[in-house]
Amino acid sequence: MREPEYDFLIVGAGLYGAVFAHEAHKKGKKCLVIDKREHLGGNTYCEDVDGINVHKYGAHIFHTNDKAIWDYVNSFVPFNRYTNSPLANYEGELYNLPFNMNTFRQLWGISTPDEAKAIIAEQTQEYKGRVPSNLEEQALTLAGRDIYEKLIKGYTEKQWGRKATELPAFIIKRLPLRFTYDNNYFNDDYQGIPIGGYNKLTEGLLEGIECRTNVDFFKDRKKLESLAEQVVFTGKIDEYFDYRHGKLEYRSLHFEHTTLDQDNYQGNAVVNYTEATIPYTRIIEHKHFEFGKQKTTVITKEYPLEASSDNEPYYPINDAKNTDLFNSYKKMADQETTTIFGGRLAEYRYYDMHQVIGAALAKTRKILS
């Protein structure tokens with residue numbers, strides 16, 4: 001029988017697969033990275049349009065409190081000082097996010113933290129002592145009716161494709177209310193965008209490693225698996241096991257990219273549209289991620305939808321039913337001796353980028369030590 005040519009076959013060239021491949025390559029392991037898309041980088045892939053790095057699969061803003069992770073990504077490409085300060089558009093009125101003193105001033109015309117706290121206390125009073133049974137009740141308990149109706153309800157129902165009264169309360173475990181004039185969305189110490197786009201990070205991670213695109217693992221599975229001692233699988237865990245227990249549910253996104261013959265469309269990288277009657281959840285203007293001065297601009301409207309065989313899965317639906325189903329697949333995965341499962345789809349959990357990198361580094365240290 002023919003000996004495997006590679007130590008690792010890495011299925012998926014997103015962040016998890018790229019970090020794993022890089023660390024294994026450093027240890028002298030021979031890796032083959034494959035991806036069914038025509039490009040590397042997974043959802044962080046950027047497309048150059050008129051010199052603007054367009055985040056093809058939605059906005060990716062890197063943020064972390066972990067200096068080691070920050071130093072790690074900056075060792076491949078320097079990151080800029082971009083700070084995420086999104087806006088919410090409700091019926092043409094603009095509100096700062098996250099919920100802070102600027103938001104409260106825009107909502108109620110007040111100027112002091114005590115005034116804001118008094119209004120929120122009054123609006124949440126009737127829900128005190130209740131145990132919220134759904135997302136709507138949870139949001140009303142935490143923030144009151146004005147914030148909920150204008151800035152949470154419509155956006156959340158579009159995002160999940162369900163009424164807020166049908167969504168579990170745990171989706172909103174807490175709502176950060178800041179009583180300072182601070183529009184920085186993240187609390188993390190480190191935040192930014194790779195200078196020149198995320199492709200620079202992917203290229204740095206995969207330098208010197210054999211990569212093949214337009215390769216569907218499931219169309220030639222046996223042959224591909226025979227190429228390596230071990231498989232690192234970053235795709236859907238239910239698909240790996242041929243949906244033996246049923247299909248896990250996801251939310252997906254449709255992206256509508258438009259190039260405009262103007263230098264500035266909305267003055268901000270991210271504007272959320274929170275009313276239910278507007279079908280998209282937000283508009284991204286990509287040049288603002290890197291403080292671009294181009295004469296044109298590119299905007300992307302994001303439309304949430306149910307995941308299907310015709311689109312990409314983005315967000316796991318971690319309700320009780322899907323969690324039980326995932327646990328059935330997790331038990332099967334734990335019995336696998338030649339396949340390593342990692343990443344958002346294989347672990348059926350929401351990961352930020354720094355968490356993906358941290359998980360991949362931890363896994364490689366455990367395996368390669």
# chains A, B, ... in the order shown; residues from 1 in each chain; ligands from 1

$ residues_around --residues "range 76-92 of chain A" --least-positions-apart "4" --cutoff "6 Å" --atoms "only C-alpha atoms" --output "ChimeraX atom specification"
/A:96-97,183-185,192-195,201,204,270-275

$ write_last_selection --atoms "N, CA, C and O atoms" --output "tab-separated table (two decimals), in the first residue's frame"
chain	number	residue	atom	x	y	z
A	96	ASN	N	-25.59	56.30	17.63
A	96	ASN	CA	-24.28	55.68	17.85
A	96	ASN	C	-24.42	54.32	18.53
A	96	ASN	O	-25.31	54.11	19.36
A	97	LEU	N	-23.54	53.42	18.17
A	97	LEU	CA	-23.42	52.11	18.81
A	97	LEU	C	-21.98	51.96	19.30
A	97	LEU	O	-21.07	52.53	18.70
A	183	ASN	N	-17.82	55.70	21.69
A	183	ASN	CA	-18.40	54.96	20.56
A	183	ASN	C	-17.56	53.77	20.10
A	183	ASN	O	-17.88	53.15	19.08
A	184	ASN	N	-16.50	53.44	20.82
A	184	ASN	CA	-15.68	52.28	20.46
A	184	ASN	C	-16.46	51.01	20.76
A	184	ASN	O	-16.75	50.71	21.92
A	185	TYR	N	-16.80	50.25	19.72
A	185	TYR	CA	-17.68	49.10	19.89
A	185	TYR	C	-17.07	48.01	20.77
A	185	TYR	O	-17.77	47.36	21.53
A	192	GLY	N	-7.82	46.46	14.99
A	192	GLY	CA	-7.35	47.02	13.73
A	192	GLY	C	-7.63	46.12	12.55
A	192	GLY	O	-8.26	45.07	12.67
A	193	ILE	N	-7.17	46.56	11.38
A	193	ILE	CA	-7.32	45.85	10.11
A	193	ILE	C	-5.93	45.68	9.51
A	193	ILE	O	-5.10	46.61	9.58
A	194	PRO	N	-5.63	44.53	8.91
A	194	PRO	CA	-4.31	44.37	8.27
A	194	PRO	C	-4.09	45.43	7.19
A	194	PRO	O	-4.98	45.65	6.35
A	195	ILE	N	-2.97	46.08	7.21
A	195	ILE	CA	-2.65	47.09	6.19
A	195	ILE	C	-2.44	46.36	4.86
A	195	ILE	O	-1.54	45.54	4.73
A	201	LEU	N	-2.41	38.56	5.47
A	201	LEU	CA	-2.29	37.65	6.61
A	201	LEU	C	-2.31	36.20	6.13
A	201	LEU	O	-1.49	35.37	6.56
A	204	GLY	N	0.94	35.29	4.43
A	204	GLY	CA	2.02	35.10	5.40
A	204	GLY	C	1.93	33.77	6.10
A	204	GLY	O	2.95	33.08	6.29
A	270	VAL	N	-19.42	51.00	8.91
A	270	VAL	CA	-20.56	50.12	9.23
A	270	VAL	C	-21.76	50.95	9.66
A	270	VAL	O	-21.68	51.72	10.62
A	271	VAL	N	-22.88	50.76	8.96
A	271	VAL	CA	-24.14	51.36	9.37
A	271	VAL	C	-25.20	50.25	9.40
A	271	VAL	O	-25.49	49.62	8.38
A	272	ASN	N	-25.75	49.99	10.58
A	272	ASN	CA	-26.82	49.00	10.75
A	272	ASN	C	-28.17	49.62	10.41
A	272	ASN	O	-28.41	50.79	10.75
A	273	TYR	N	-29.04	48.84	9.81
A	273	TYR	CA	-30.41	49.28	9.52
A	273	TYR	C	-31.35	48.45	10.39
A	273	TYR	O	-31.52	47.26	10.17
A	274	THR	N	-31.92	49.09	11.40
A	274	THR	CA	-32.59	48.35	12.47
A	274	THR	C	-34.09	48.23	12.31
A	274	THR	O	-34.72	47.54	13.12
A	275	GLU	N	-34.68	48.86	11.31
A	275	GLU	CA	-36.13	48.70	11.15
A	275	GLU	C	-36.43	47.46	10.31
A	275	GLU	O	-35.69	47.11	9.39

$ residues_around --residues "Gly246 in chain A" --least-positions-apart "4" --cutoff "10 Å" --atoms "only C-alpha atoms" --output "list in words"
Asp238, Glu239, Phe241, Asp242, Asn322, Leu325, Phe326, Ser328 and Tyr329 of chain A

$ residues_around --residues "Gly343 in chain A" --least-positions-apart "3" --cutoff "9 Å" --atoms "only C-alpha atoms" --output "PyMOL selection string"
chain A and resi 14-17+233-235+346-351+356+359-360

$ atom_distance --atom1 "CA of Ser111 in chain A" --atom2 "CA of Ala269 in chain A"
26.6 Å

$ closest_residue --among "A:Pro316, A:Pro4, A:Pro98, A:Gly12" --to "Val33 in chain A" --atoms "only C-alpha atoms"
A:Gly12

$ residues_around --residues "Pro304 in chain A" --least-positions-apart "3" --cutoff "9 Å" --atoms "only C-alpha atoms" --output "mmCIF file with N, CA, C and O atoms, in the first residue's frame"
data_model
loop_
_atom_site.group_PDB
_atom_site.id
_atom_site.type_symbol
_atom_site.label_atom_id
_atom_site.label_comp_id
_atom_site.auth_asym_id
_atom_site.auth_seq_id
_atom_site.Cartn_x
_atom_site.Cartn_y
_atom_site.Cartn_z
ATOM 1 N N LYS A 158 -34.546 40.248 11.764
ATOM 2 C CA LYS A 158 -33.991 40.036 10.420
ATOM 3 C C LYS A 158 -32.806 39.076 10.478
ATOM 4 O O LYS A 158 -32.678 38.169 9.649
ATOM 5 N N GLN A 159 -31.966 39.287 11.463
ATOM 6 C CA GLN A 159 -30.741 38.485 11.578
ATOM 7 C C GLN A 159 -31.061 37.000 11.765
ATOM 8 O O GLN A 159 -30.423 36.136 11.170
ATOM 9 N N TRP A 160 -32.055 36.707 12.603
ATOM 10 C CA TRP A 160 -32.365 35.321 12.945
ATOM 11 C C TRP A 160 -33.522 34.736 12.138
ATOM 12 O O TRP A 160 -33.757 33.521 12.197
ATOM 13 N N GLY A 161 -34.269 35.595 11.419
ATOM 14 C CA GLY A 161 -35.386 35.099 10.627
ATOM 15 C C GLY A 161 -36.535 34.582 11.464
ATOM 16 O O GLY A 161 -37.336 33.764 11.012
ATOM 17 N N ARG A 251 -27.562 30.131 10.048
ATOM 18 C CA ARG A 251 -28.003 31.306 9.313
ATOM 19 C C ARG A 251 -26.936 31.639 8.288
ATOM 20 O O ARG A 251 -25.742 31.413 8.502
ATOM 21 N N SER A 252 -27.383 32.160 7.164
ATOM 22 C CA SER A 252 -26.464 32.523 6.100
ATOM 23 C C SER A 252 -26.627 34.000 5.763
ATOM 24 O O SER A 252 -27.445 34.698 6.371
ATOM 25 N N LEU A 253 -25.837 34.466 4.812
ATOM 26 C CA LEU A 253 -25.882 35.859 4.385
ATOM 27 C C LEU A 253 -25.769 35.935 2.865
ATOM 28 O O LEU A 253 -25.064 35.135 2.245
ATOM 29 N N HIS A 254 -26.466 36.900 2.294
ATOM 30 C CA HIS A 254 -26.285 37.239 0.884
ATOM 31 C C HIS A 254 -25.677 38.627 0.822
ATOM 32 O O HIS A 254 -26.152 39.554 1.483
ATOM 33 N N PHE A 255 -24.604 38.769 0.039
ATOM 34 C CA PHE A 255 -23.895 40.044 -0.047
ATOM 35 C C PHE A 255 -24.135 40.680 -1.416
ATOM 36 O O PHE A 255 -23.928 40.042 -2.447
ATOM 37 N N PRO A 279 -34.871 45.194 4.181
ATOM 38 C CA PRO A 279 -34.511 43.772 4.210
ATOM 39 C C PRO A 279 -33.073 43.464 4.596
ATOM 40 O O PRO A 279 -32.773 42.354 5.025
ATOM 41 N N TYR A 280 -32.161 44.420 4.431
ATOM 42 C CA TYR A 280 -30.772 44.152 4.792
ATOM 43 C C TYR A 280 -30.503 44.634 6.216
ATOM 44 O O TYR A 280 -31.193 45.511 6.744
ATOM 45 N N THR A 281 -29.502 44.042 6.844
ATOM 46 C CA THR A 281 -29.186 44.396 8.235
ATOM 47 C C THR A 281 -28.170 45.514 8.332
ATOM 48 O O THR A 281 -28.158 46.259 9.310
#

$ residues_around --residues "Glu149 in chain A" --least-positions-apart "4" --cutoff "10 Å" --atoms "only C-alpha atoms" --output "MDAnalysis selection string"
chainID A and resid 90 136 139:140 144:145 153:155 274:275

$ atom_distance --atom1 "CA of Gly267 in chain A" --atom2 "CA of Glu285 in chain A"
8.1 Å

$ select_by_dssp --residues "range 155-335 of chain A" --states "strand (DSSP E)" --output "PyMOL selection string"
chain A and resi 190-192+210-213+228-233+250-260+270-273+282-285+297-306+315-316

$ write_last_selection --atoms "C-alpha atoms" --output "mmCIF file, in the first residue's frame"
data_model
loop_
_atom_site.group_PDB
_atom_site.id
_atom_site.type_symbol
_atom_site.label_atom_id
_atom_site.label_comp_id
_atom_site.auth_asym_id
_atom_site.auth_seq_id
_atom_site.Cartn_x
_atom_site.Cartn_y
_atom_site.Cartn_z
ATOM 1 C CA TYR A 190 -5.999 45.727 20.540
ATOM 2 C CA GLN A 191 -8.020 46.418 17.412
ATOM 3 C CA GLY A 192 -7.349 47.022 13.728
ATOM 4 C CA GLU A 210 1.300 23.618 -0.896
ATOM 5 C CA CYS A 211 -2.264 24.856 -1.454
ATOM 6 C CA ARG A 212 -4.905 23.789 -3.953
ATOM 7 C CA THR A 213 -8.124 25.691 -4.618
ATOM 8 C CA ALA A 228 -2.011 12.248 4.417
ATOM 9 C CA GLU A 229 -1.460 10.672 7.803
ATOM 10 C CA GLN A 230 -4.074 12.946 9.364
ATOM 11 C CA VAL A 231 -6.895 15.186 8.189
ATOM 12 C CA VAL A 232 -7.607 18.595 9.731
ATOM 13 C CA PHE A 233 -11.273 19.220 8.944
ATOM 14 C CA TYR A 250 -27.262 27.767 10.327
ATOM 15 C CA ARG A 251 -28.003 31.306 9.313
ATOM 16 C CA SER A 252 -26.464 32.523 6.100
ATOM 17 C CA LEU A 253 -25.882 35.859 4.385
ATOM 18 C CA HIS A 254 -26.285 37.239 0.884
ATOM 19 C CA PHE A 255 -23.895 40.044 -0.047
ATOM 20 C CA GLU A 256 -24.800 42.669 -2.616
ATOM 21 C CA HIS A 257 -21.604 44.514 -3.649
ATOM 22 C CA THR A 258 -21.897 47.806 -5.548
ATOM 23 C CA THR A 259 -19.170 50.119 -6.849
ATOM 24 C CA LEU A 260 -20.205 53.785 -6.764
ATOM 25 C CA VAL A 270 -20.555 50.119 9.227
ATOM 26 C CA VAL A 271 -24.143 51.358 9.371
ATOM 27 C CA ASN A 272 -26.817 48.998 10.746
ATOM 28 C CA TYR A 273 -30.415 49.280 9.523
ATOM 29 C CA ARG A 282 -26.307 46.703 7.401
ATOM 30 C CA ILE A 283 -24.299 48.514 4.746
ATOM 31 C CA ILE A 284 -20.504 48.225 4.762
ATOM 32 C CA GLU A 285 -18.351 50.863 3.080
ATOM 33 C CA THR A 297 -16.185 53.569 -3.219
ATOM 34 C CA VAL A 298 -17.603 50.066 -2.743
ATOM 35 C CA ILE A 299 -20.599 49.339 -0.519
ATOM 36 C CA THR A 300 -22.037 45.988 0.499
ATOM 37 C CA LYS A 301 -25.569 45.326 1.682
ATOM 38 C CA GLU A 302 -25.920 42.255 3.904
ATOM 39 C CA TYR A 303 -29.126 40.237 3.670
ATOM 40 C CA PRO A 304 -29.591 37.483 6.272
ATOM 41 C CA LEU A 305 -31.268 34.248 5.220
ATOM 42 C CA GLU A 306 -31.590 30.594 6.139
ATOM 43 C CA TYR A 315 -23.781 31.412 12.067
ATOM 44 C CA PRO A 316 -24.657 28.280 14.040
#

$ closest_residue --among "A:Lys295, A:His25, A:His63, A:Arg244" --to "Asp352 in chain A" --atoms "only C-alpha atoms"
A:His63

$ residues_around --residues "His60 in chain A" --least-positions-apart "3" --cutoff "9 Å" --atoms "only C-alpha atoms" --output "ChimeraX atom specification"
/A:43-44,55,57,193,198,353

$ closest_residue --among "A:Lys222, A:His354, A:Arg178, A:Lys26" --to "Gly208 in chain A" --atoms "only C-alpha atoms"
A:Lys26

$ closest_residue --among "A:Ala169, A:Ile317, A:Lys247, A:Asn264" --to "Pro132 in chain A" --atoms "only C-alpha atoms"
A:Ala169

$ select_by_dssp --residues "range 72-280 of chain A" --states "helix (DSSP H, G or I)" --output "ChimeraX atom specification"
/A:72-74,101-108,113-127,135-143,145-160,164-166,169-171,198-205,217-219,221-225,237-240

$ residues_around --residues "Ile209 in chain A" --least-positions-apart "3" --cutoff "8 Å" --atoms "only C-alpha atoms" --output "PyMOL selection string"
chain A and resi 21-22+25+30-33+206

$ closest_residue --among "A:Tyr181, A:Ser308, A:Ser226, A:Gln266" --to "Asn102 in chain A" --atoms "only C-alpha atoms"
A:Tyr181
